[in-house]
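These notes concern the structure reproduced below.
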Amino acid sequence: MTRKAYPSDVTDEEWAFVAPYLILMREDAPQRTYDLREVFNGVRYVVRTGCPWRSMPHDLPPWEMVYQQSQRWIKAGVFKEMVHDLRAVLRLANGKNEQPSAVILDGRTIQSTPESGERAGYDGYKRKKGSKVHIAVDTLGYLLAVKVTPANEQERAQVKELAVKVQEVTNQSVKVAFVDQGYTGDQPEQDAKESGIELIVVKLAEAKKGFVLLPKRWVVERSFAWAARFRRLARDFERTPEVLAGLHYLAFAILMLQQFVKTIAYLL
């Protein structure tokens with residue numbers, strides 16, 4: 001690489017881990033015109049800075065190439081696989097079991113844009129039109145599952161699908177899911193139970209007012225704060241919910257890669 005590095009560029013140590021995930025080529029495929037690492041750097045630049053694809057710097061590969069490859073990676077579930085493998089390694093490094101037994105569920109509403117407006121909904125509580133990103137994380141805050149819906153969709157209605165996704169990626173290891181009072185009701189409890197998960201509603205003490213740090217629940221709020229560092233995720237700029245979900249996996253992969261490199265350096 002002859003250009004000046006961007007803060008969003010992948011490091012040598014990180015690249016050694018992610019390169020095998022990104023090679024979606026047959027052995028007889030023609031030689032690439034652009035370096036795969038630079039294409040990945042382009043995707044990282046967009047999700048970190050929030051710039052439009054067409055506004056990518058000219059010293060990175062052409063935006064069309066980077067955009068098309070990013071769609072292939074998202075469709076193939078590449079970033080999702082990165083996150084799942086990194087989560088297992090980081091959990092073991094933190095003295096935990098490879099697969100979690102407890103998760104936390106929550107959702108956040110992000111403002112729509114002209115690109116996503118057709119599928120947006122209105123969140124009356126937040127007074128915002130946009131999309132709602134529902135996630136499941138483990139007790140360390142690492143991503144397990146993502147679902148994107150219009151903002152008017154209720155969190156409790158997503159429990160069934162999130163529970164199924166969580167059990168698929170953890171080999172049925174999850175026994176408990178912590179949620180806030182937005183998930184109260186018999187139906188979400190039953191939906192979770194169908195996947196072998198007990199839904200525990202963490203309630204705010206009635207005597208307390210203002211912001212209160214709730215047990216377990218603060219972990220998922222921190223995860224949303226991590227995602228908010230990526231400007232592409234500050235609003236819903238994507239035409240499809242699948243791309244928005246895929247970029248969330250990419251954002252967590254970037255964060256977890258940094259932690260992975262630090263952990264390896266410490267152990268060595």
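We label chains A, B, ... in the order they appear in the structure tokens, count residues from 1 in each chain, and number ligands from 1 in the order shown.
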I'd like a table as JSON lines: residues in stretch 24-88 of chain A with an atom no more than 12 Å from stretch 252-265 of chain A, each row giving the shortest atom pair and its distance in Å to one decimal, only C-alpha atoms counted, sorted by chain and rising residue number.
{"residue": "A:Phe40", "atom": "CA", "partner": "A:Ile254", "partner_atom": "CA", "distance": 11.2}
{"residue": "A:Asn41", "atom": "CA", "partner": "A:Ile254", "partner_atom": "CA", "distance": 11.0}
{"residue": "A:Val43", "atom": "CA", "partner": "A:Ile254", "partner_atom": "CA", "distance": 11.1}
{"residue": "A:Arg44", "atom": "CA", "partner": "A:Ile254", "partner_atom": "CA", "distance": 8.1}
{"residue": "A:Tyr45", "atom": "CA", "partner": "A:Ile254", "partner_atom": "CA", "distance": 11.1}
{"residue": "A:Val47", "atom": "CA", "partner": "A:Ile254", "partner_atom": "CA", "distance": 10.0}
{"residue": "A:Arg48", "atom": "CA", "partner": "A:Ile254", "partner_atom": "CA", "distance": 9.5}
{"residue": "A:Val78", "atom": "CA", "partner": "A:Ala253", "partner_atom": "CA", "distance": 10.1}
{"residue": "A:Phe79", "atom": "CA", "partner": "A:Ala253", "partner_atom": "CA", "distance": 6.7}
{"residue": "A:Lys80", "atom": "CA", "partner": "A:Ala253", "partner_atom": "CA", "distance": 8.1}
{"residue": "A:Glu81", "atom": "CA", "partner": "A:Ala253", "partner_atom": "CA", "distance": 9.2}
{"residue": "A:Met82", "atom": "CA", "partner": "A:Ala253", "partner_atom": "CA", "distance": 6.2}
{"residue": "A:Val83", "atom": "CA", "partner": "A:Ala253", "partner_atom": "CA", "distance": 5.2}
{"residue": "A:His84", "atom": "CA", "partner": "A:Ala253", "partner_atom": "CA", "distance": 8.9}
{"residue": "A:Asp85", "atom": "CA", "partner": "A:Ala253", "partner_atom": "CA", "distance": 9.7}
{"residue": "A:Leu86", "atom": "CA", "partner": "A:Met256", "partner_atom": "CA", "distance": 6.6}
{"residue": "A:Arg87", "atom": "CA", "partner": "A:Met256", "partner_atom": "CA", "distance": 7.6}
{"residue": "A:Ala88", "atom": "CA", "partner": "A:Phe260", "partner_atom": "CA", "distance": 10.7}
For A:Thr109, list every protein, DNA or RNA residue within 8 Å, evaluated using only C-alpha atoms, and leave out those in the same chain fewer than 6 positions away; present the list as a PyMOL selection string. chain A and resi 123+126+128+130-133+151
With N, CA, C and O atoms retained, write the just-selected residues as a short mmCIF file (atom, residue, chain, number, x, y, z; two decimals), in the first residue's frame.
data_model
loop_
_atom_site.label_atom_id
_atom_site.label_comp_id
_atom_site.auth_asym_id
_atom_site.auth_seq_id
_atom_site.Cartn_x
_atom_site.Cartn_y
_atom_site.Cartn_z
N ASP A 123 -42.28 5.48 15.08
CA ASP A 123 -42.17 5.10 16.49
C ASP A 123 -42.81 6.21 17.32
O ASP A 123 -42.22 7.27 17.50
N LYS A 126 -40.70 7.26 20.54
CA LYS A 126 -39.52 8.08 20.25
C LYS A 126 -39.85 9.27 19.35
O LYS A 126 -38.99 10.13 19.13
N LYS A 128 -40.32 9.34 16.12
CA LYS A 128 -39.33 9.30 15.05
C LYS A 128 -39.78 8.31 13.99
O LYS A 128 -40.27 7.21 14.30
N GLY A 130 -38.61 5.82 11.09
CA GLY A 130 -37.39 5.14 10.70
C GLY A 130 -37.50 3.65 10.82
O GLY A 130 -38.58 3.07 10.66
N SER A 131 -36.38 3.02 11.13
CA SER A 131 -36.29 1.57 11.29
C SER A 131 -35.90 1.24 12.71
O SER A 131 -35.24 2.03 13.39
N LYS A 132 -36.30 0.07 13.14
CA LYS A 132 -35.92 -0.39 14.49
C LYS A 132 -34.97 -1.57 14.34
O LYS A 132 -35.27 -2.54 13.63
N VAL A 133 -33.84 -1.45 15.00
CA VAL A 133 -32.83 -2.51 14.96
C VAL A 133 -32.93 -3.31 16.26
O VAL A 133 -32.68 -2.78 17.35
N ALA A 151 -40.06 1.02 12.32
CA ALA A 151 -39.97 1.50 13.70
C ALA A 151 -41.25 1.29 14.49
O ALA A 151 -41.23 1.33 15.72
#
I'd like to know which residues of stretch 53-186 of chain A are strand (DSSP E) (by DSSP, run on the backbone); could you write them as a PyMOL selection string? chain A and resi 102-111+121-123+128-138+143-150+176-179
All residues 9 Å or closer to stretch 174-181 of chain A, only C-alpha atoms, same chain fewer than 6 positions away omitted, as a PyMOL selection string: chain A and resi 99-106+136+163+166-167+192+195-204+216-217
Selection export as a compact mmCIF listing (two decimals), in the first residue's frame, atoms kept: N, CA and C atoms:
# COMPACT_ATOMS: atom_id res chain seq x y z
N GLN A 99 -19.85 -20.80 24.27
CA GLN A 99 -21.20 -20.36 23.93
C GLN A 99 -21.91 -19.86 25.19
N PRO A 100 -22.67 -18.78 25.07
CA PRO A 100 -23.31 -18.19 26.24
C PRO A 100 -24.54 -18.97 26.69
N SER A 101 -24.86 -18.82 27.97
CA SER A 101 -26.11 -19.39 28.49
C SER A 101 -27.14 -18.30 28.75
N ALA A 102 -26.71 -17.03 28.70
CA ALA A 102 -27.62 -15.90 28.93
C ALA A 102 -27.38 -14.83 27.87
N VAL A 103 -28.46 -14.19 27.44
CA VAL A 103 -28.38 -13.11 26.46
C VAL A 103 -29.24 -11.94 26.91
N ILE A 104 -29.08 -10.81 26.26
CA ILE A 104 -29.91 -9.63 26.51
C ILE A 104 -30.48 -9.17 25.18
N LEU A 105 -31.77 -8.87 25.16
CA LEU A 105 -32.46 -8.42 23.96
C LEU A 105 -32.88 -6.96 24.10
N ASP A 106 -32.85 -6.23 23.01
CA ASP A 106 -33.35 -4.85 23.02
C ASP A 106 -33.43 -4.35 21.58
N ALA A 136 -29.63 -9.15 19.81
CA ALA A 136 -29.37 -10.01 20.95
C ALA A 136 -27.87 -10.04 21.16
N ALA A 163 -35.04 -15.40 19.29
CA ALA A 163 -34.73 -16.60 20.08
C ALA A 163 -34.28 -17.75 19.19
N VAL A 166 -30.75 -16.96 17.92
CA VAL A 166 -29.77 -17.10 19.00
C VAL A 166 -29.42 -18.57 19.23
N GLN A 167 -30.43 -19.40 19.27
CA GLN A 167 -30.17 -20.83 19.51
C GLN A 167 -29.45 -21.48 18.34
N ALA A 192 -40.35 -17.17 23.66
CA ALA A 192 -39.00 -17.51 24.11
C ALA A 192 -38.95 -18.94 24.61
N SER A 195 -38.25 -21.85 22.28
CA SER A 195 -36.85 -22.09 21.94
C SER A 195 -36.02 -22.50 23.15
N GLY A 196 -36.69 -22.79 24.25
CA GLY A 196 -35.99 -23.24 25.44
C GLY A 196 -35.35 -22.13 26.25
N ILE A 197 -35.88 -20.92 26.11
CA ILE A 197 -35.30 -19.76 26.79
C ILE A 197 -36.30 -19.16 27.77
N GLU A 198 -35.84 -18.88 28.97
CA GLU A 198 -36.66 -18.19 29.97
C GLU A 198 -36.48 -16.68 29.81
N LEU A 199 -37.59 -15.98 29.63
CA LEU A 199 -37.55 -14.53 29.45
C LEU A 199 -37.68 -13.85 30.81
N ILE A 200 -36.68 -13.07 31.19
CA ILE A 200 -36.69 -12.39 32.48
C ILE A 200 -36.76 -10.89 32.25
N VAL A 201 -37.84 -10.28 32.72
CA VAL A 201 -38.03 -8.83 32.57
C VAL A 201 -37.37 -8.11 33.73
N VAL A 202 -36.39 -7.28 33.42
CA VAL A 202 -35.69 -6.49 34.44
C VAL A 202 -36.44 -5.17 34.58
N LYS A 203 -37.09 -4.98 35.71
CA LYS A 203 -37.96 -3.82 35.90
C LYS A 203 -37.26 -2.71 36.68
N LEU A 204 -37.67 -1.49 36.37
CA LEU A 204 -37.17 -0.31 37.08
C LEU A 204 -37.92 -0.17 38.39
N LYS A 216 -27.79 -6.26 34.23
CA LYS A 216 -27.77 -6.97 32.96
C LYS A 216 -28.17 -6.11 31.77
N ARG A 217 -29.21 -5.29 31.93
CA ARG A 217 -29.76 -4.52 30.83
C ARG A 217 -28.78 -3.48 30.31
What is the distance, in Å and to one decimal place, between atom CA of A:Ser8 and atom CA of A:Thr139? 26.9 Å
Within 9 Å of stretch 153-157 of chain A, counting only C-alpha atoms, which residues show up once you throw out same-chain ones fewer than 6 positions away? Write them as a list in words, please. Leu105, Asp106, Gly107, Gly121, Tyr122, Asp123, Ser131, Lys132, His134, Gly182, Tyr183, Thr184, Gly185, Gln187, Pro188, Glu189 and Asp191 of chain A
As a ChimeraX atom specification, please: the residues near A:Glu98 (cut-off 10 Å, only C-alpha atoms, same-chain neighbours under 4 positions excluded). /A:85,87-94,170,173
Using atom CA of A:Lys165 and atom CA of A:Ala225 as the two end points, give the distance in Å to one decimal. 22.5 Å
So which residues of stretch 47-212 of chain A fall under alpha helix (DSSP H) by DSSP, listed as a short mmCIF file (atom, residue, chain, number, x, y, z; two decimals) with N, CA, C and O atoms, in the first residue's frame?
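Output below, filename part.cif:
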data_model
loop_
_atom_site.label_atom_id
_atom_site.label_comp_id
_atom_site.auth_asym_id
_atom_site.auth_seq_id
_atom_site.Cartn_x
_atom_site.Cartn_y
_atom_site.Cartn_z
N VAL A 47 -18.48 2.45 6.46
CA VAL A 47 -19.27 2.19 7.66
C VAL A 47 -18.78 3.02 8.84
O VAL A 47 -19.56 3.43 9.70
N ARG A 48 -17.49 3.31 8.88
CA ARG A 48 -16.94 4.10 9.99
C ARG A 48 -17.24 5.59 9.84
O ARG A 48 -17.65 6.25 10.79
N THR A 49 -17.07 6.13 8.64
CA THR A 49 -17.23 7.57 8.44
C THR A 49 -18.65 7.97 8.06
O THR A 49 -19.03 9.12 8.23
N TRP A 63 -15.64 3.12 -6.09
CA TRP A 63 -16.76 2.87 -5.19
C TRP A 63 -17.67 1.75 -5.70
O TRP A 63 -18.21 0.97 -4.90
N GLU A 64 -17.84 1.66 -7.03
CA GLU A 64 -18.69 0.61 -7.58
C GLU A 64 -18.17 -0.77 -7.20
O GLU A 64 -18.94 -1.67 -6.83
N MET A 65 -16.85 -0.93 -7.31
CA MET A 65 -16.23 -2.20 -6.97
C MET A 65 -16.40 -2.52 -5.49
O MET A 65 -16.75 -3.65 -5.11
N VAL A 66 -16.17 -1.54 -4.64
CA VAL A 66 -16.28 -1.75 -3.20
C VAL A 66 -17.72 -2.04 -2.81
O VAL A 66 -18.00 -2.95 -2.01
N TYR A 67 -18.65 -1.29 -3.39
CA TYR A 67 -20.07 -1.50 -3.08
C TYR A 67 -20.52 -2.91 -3.49
O TYR A 67 -21.16 -3.61 -2.71
N GLN A 68 -20.20 -3.31 -4.71
CA GLN A 68 -20.62 -4.62 -5.19
C GLN A 68 -20.04 -5.75 -4.35
O GLN A 68 -20.73 -6.71 -4.02
N GLN A 69 -18.77 -5.61 -3.97
CA GLN A 69 -18.16 -6.66 -3.16
C GLN A 69 -18.76 -6.69 -1.77
O GLN A 69 -18.93 -7.77 -1.19
N SER A 70 -19.09 -5.53 -1.22
CA SER A 70 -19.71 -5.50 0.11
C SER A 70 -21.05 -6.23 0.10
O SER A 70 -21.39 -6.93 1.06
N GLN A 71 -21.81 -6.08 -0.99
CA GLN A 71 -23.10 -6.77 -1.10
C GLN A 71 -22.90 -8.28 -1.17
O GLN A 71 -23.68 -9.05 -0.60
N ARG A 72 -21.85 -8.71 -1.87
CA ARG A 72 -21.56 -10.15 -1.94
C ARG A 72 -21.21 -10.69 -0.55
O ARG A 72 -21.64 -11.77 -0.16
N TRP A 73 -20.38 -9.95 0.16
CA TRP A 73 -19.98 -10.39 1.50
C TRP A 73 -21.17 -10.46 2.44
O TRP A 73 -21.31 -11.40 3.22
N ILE A 74 -22.05 -9.45 2.38
CA ILE A 74 -23.22 -9.45 3.26
C ILE A 74 -24.15 -10.61 2.92
O ILE A 74 -24.64 -11.32 3.80
N LYS A 75 -24.39 -10.82 1.63
CA LYS A 75 -25.26 -11.91 1.20
C LYS A 75 -24.71 -13.27 1.61
O LYS A 75 -25.46 -14.18 1.96
N VAL A 78 -20.59 -13.26 5.49
CA VAL A 78 -19.18 -13.24 5.87
C VAL A 78 -18.96 -12.51 7.19
O VAL A 78 -18.28 -13.01 8.09
N PHE A 79 -19.55 -11.32 7.32
CA PHE A 79 -19.33 -10.54 8.55
C PHE A 79 -19.99 -11.22 9.75
O PHE A 79 -19.48 -11.15 10.86
N LYS A 80 -21.10 -11.87 9.50
CA LYS A 80 -21.78 -12.61 10.57
C LYS A 80 -20.88 -13.73 11.10
O LYS A 80 -20.76 -13.94 12.32
N GLU A 81 -20.26 -14.46 10.18
CA GLU A 81 -19.37 -15.55 10.59
C GLU A 81 -18.16 -15.03 11.35
O GLU A 81 -17.72 -15.64 12.33
N MET A 82 -17.63 -13.89 10.92
CA MET A 82 -16.52 -13.27 11.65
C MET A 82 -16.91 -13.00 13.10
O MET A 82 -16.18 -13.33 14.04
N VAL A 83 -18.08 -12.39 13.27
CA VAL A 83 -18.55 -12.02 14.61
C VAL A 83 -18.72 -13.26 15.48
O VAL A 83 -18.31 -13.27 16.66
N HIS A 84 -19.32 -14.30 14.94
CA HIS A 84 -19.57 -15.49 15.74
C HIS A 84 -18.27 -16.17 16.17
O HIS A 84 -18.14 -16.62 17.31
N ASP A 85 -17.28 -16.22 15.27
CA ASP A 85 -16.01 -16.85 15.63
C ASP A 85 -15.22 -15.97 16.61
O ASP A 85 -14.61 -16.48 17.55
N LEU A 86 -15.23 -14.66 16.38
CA LEU A 86 -14.54 -13.76 17.30
C LEU A 86 -15.16 -13.80 18.69
O LEU A 86 -14.46 -13.76 19.69
N ARG A 87 -16.48 -13.88 18.72
CA ARG A 87 -17.16 -13.93 20.02
C ARG A 87 -16.72 -15.16 20.81
O ARG A 87 -16.45 -15.08 22.02
N ALA A 88 -16.63 -16.31 20.14
CA ALA A 88 -16.23 -17.53 20.83
C ALA A 88 -14.81 -17.41 21.39
O ALA A 88 -14.55 -17.78 22.54
N VAL A 89 -13.91 -16.85 20.59
CA VAL A 89 -12.51 -16.70 21.03
C VAL A 89 -12.42 -15.72 22.20
O VAL A 89 -11.73 -15.99 23.19
N LEU A 90 -13.11 -14.60 22.10
CA LEU A 90 -13.03 -13.59 23.15
C LEU A 90 -13.69 -14.07 24.44
O LEU A 90 -13.23 -13.73 25.54
N ARG A 91 -14.73 -14.85 24.33
CA ARG A 91 -15.36 -15.40 25.53
C ARG A 91 -14.40 -16.35 26.25
O ARG A 91 -14.25 -16.29 27.47
N LEU A 92 -13.74 -17.20 25.48
CA LEU A 92 -12.77 -18.12 26.09
C LEU A 92 -11.63 -17.36 26.74
O LEU A 92 -11.16 -17.72 27.82
N ALA A 93 -11.20 -16.28 26.09
CA ALA A 93 -10.12 -15.47 26.65
C ALA A 93 -10.53 -14.78 27.93
O ALA A 93 -9.67 -14.46 28.77
N VAL A 159 -39.38 -11.41 19.64
CA VAL A 159 -38.74 -12.37 20.53
C VAL A 159 -38.62 -13.74 19.88
O VAL A 159 -37.57 -14.40 19.95
N LYS A 160 -39.67 -14.19 19.21
CA LYS A 160 -39.67 -15.53 18.63
C LYS A 160 -38.54 -15.71 17.63
O LYS A 160 -37.77 -16.68 17.71
N GLU A 161 -38.41 -14.77 16.68
CA GLU A 161 -37.38 -14.90 15.66
C GLU A 161 -35.98 -14.73 16.24
O GLU A 161 -35.05 -15.46 15.87
N LEU A 162 -35.81 -13.78 17.17
CA LEU A 162 -34.50 -13.60 17.78
C LEU A 162 -34.08 -14.82 18.58
O LEU A 162 -32.92 -15.24 18.55
N ALA A 163 -35.04 -15.40 19.29
CA ALA A 163 -34.73 -16.60 20.08
C ALA A 163 -34.28 -17.75 19.19
O ALA A 163 -33.33 -18.47 19.52
N VAL A 164 -34.95 -17.92 18.06
CA VAL A 164 -34.57 -18.98 17.13
C VAL A 164 -33.16 -18.73 16.59
O VAL A 164 -32.32 -19.64 16.54
N LYS A 165 -32.88 -17.48 16.19
CA LYS A 165 -31.56 -17.15 15.65
C LYS A 165 -30.47 -17.36 16.70
O LYS A 165 -29.39 -17.87 16.38
N VAL A 166 -30.75 -16.96 17.92
CA VAL A 166 -29.77 -17.10 19.00
C VAL A 166 -29.42 -18.57 19.23
O VAL A 166 -28.25 -18.94 19.36
N GLN A 167 -30.43 -19.40 19.27
CA GLN A 167 -30.17 -20.83 19.51
C GLN A 167 -29.45 -21.48 18.34
O GLN A 167 -28.64 -22.39 18.53
N GLU A 168 -29.70 -20.99 17.13
CA GLU A 168 -29.01 -21.54 15.96
C GLU A 168 -27.51 -21.28 16.02
O GLU A 168 -26.71 -22.16 15.69
N VAL A 169 -27.12 -20.07 16.43
CA VAL A 169 -25.69 -19.72 16.41
C VAL A 169 -24.96 -20.15 17.68
O VAL A 169 -23.72 -20.09 17.72
N THR A 170 -25.69 -20.57 18.69
CA THR A 170 -25.05 -21.00 19.94
C THR A 170 -25.21 -22.48 20.22
O THR A 170 -24.87 -22.94 21.32
N ASP A 186 -47.61 -12.34 28.06
CA ASP A 186 -47.59 -13.79 27.96
C ASP A 186 -47.02 -14.27 26.63
O ASP A 186 -46.34 -15.29 26.59
N GLN A 187 -47.31 -13.54 25.53
CA GLN A 187 -46.89 -14.01 24.22
C GLN A 187 -45.38 -14.03 24.06
O GLN A 187 -44.82 -15.04 23.62
N PRO A 188 -44.67 -12.93 24.37
CA PRO A 188 -43.20 -13.01 24.25
C PRO A 188 -42.59 -14.06 25.18
O PRO A 188 -41.59 -14.70 24.82
N GLU A 189 -43.18 -14.24 26.35
CA GLU A 189 -42.69 -15.27 27.27
C GLU A 189 -42.83 -16.65 26.64
O GLU A 189 -41.92 -17.49 26.72
N GLN A 190 -43.98 -16.89 25.99
CA GLN A 190 -44.22 -18.17 25.34
C GLN A 190 -43.32 -18.35 24.12
O GLN A 190 -42.80 -19.44 23.87
N ASP A 191 -43.13 -17.26 23.36
CA ASP A 191 -42.26 -17.32 22.18
C ASP A 191 -40.84 -17.71 22.55
O ASP A 191 -40.19 -18.49 21.84
N ALA A 192 -40.35 -17.17 23.66
CA ALA A 192 -39.00 -17.51 24.11
C ALA A 192 -38.95 -18.94 24.61
O ALA A 192 -37.98 -19.68 24.34
N LYS A 193 -39.99 -19.36 25.31
CA LYS A 193 -40.03 -20.70 25.88
C LYS A 193 -40.01 -21.78 24.79
O LYS A 193 -39.46 -22.87 24.99
#
Residue nearest A:Gly124 - candidates A:Trp218, A:Phe17, A:Asp9, A:Pro150, atoms counted: only C-alpha atoms: A:Pro150
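Taking atom CA of A:Gly246 and atom CA of A:Pro114 as the two end points, the separation is 19.6 Å.
Shell of A:Asp236 at 8 Å, with only C-alpha atoms counted and residues fewer than 5 places along the chain excluded, is Ile110, Gln111, Ser112, Thr113, Glu115, Ser116, Gly130, Ser131 and Leu244 of chain A.
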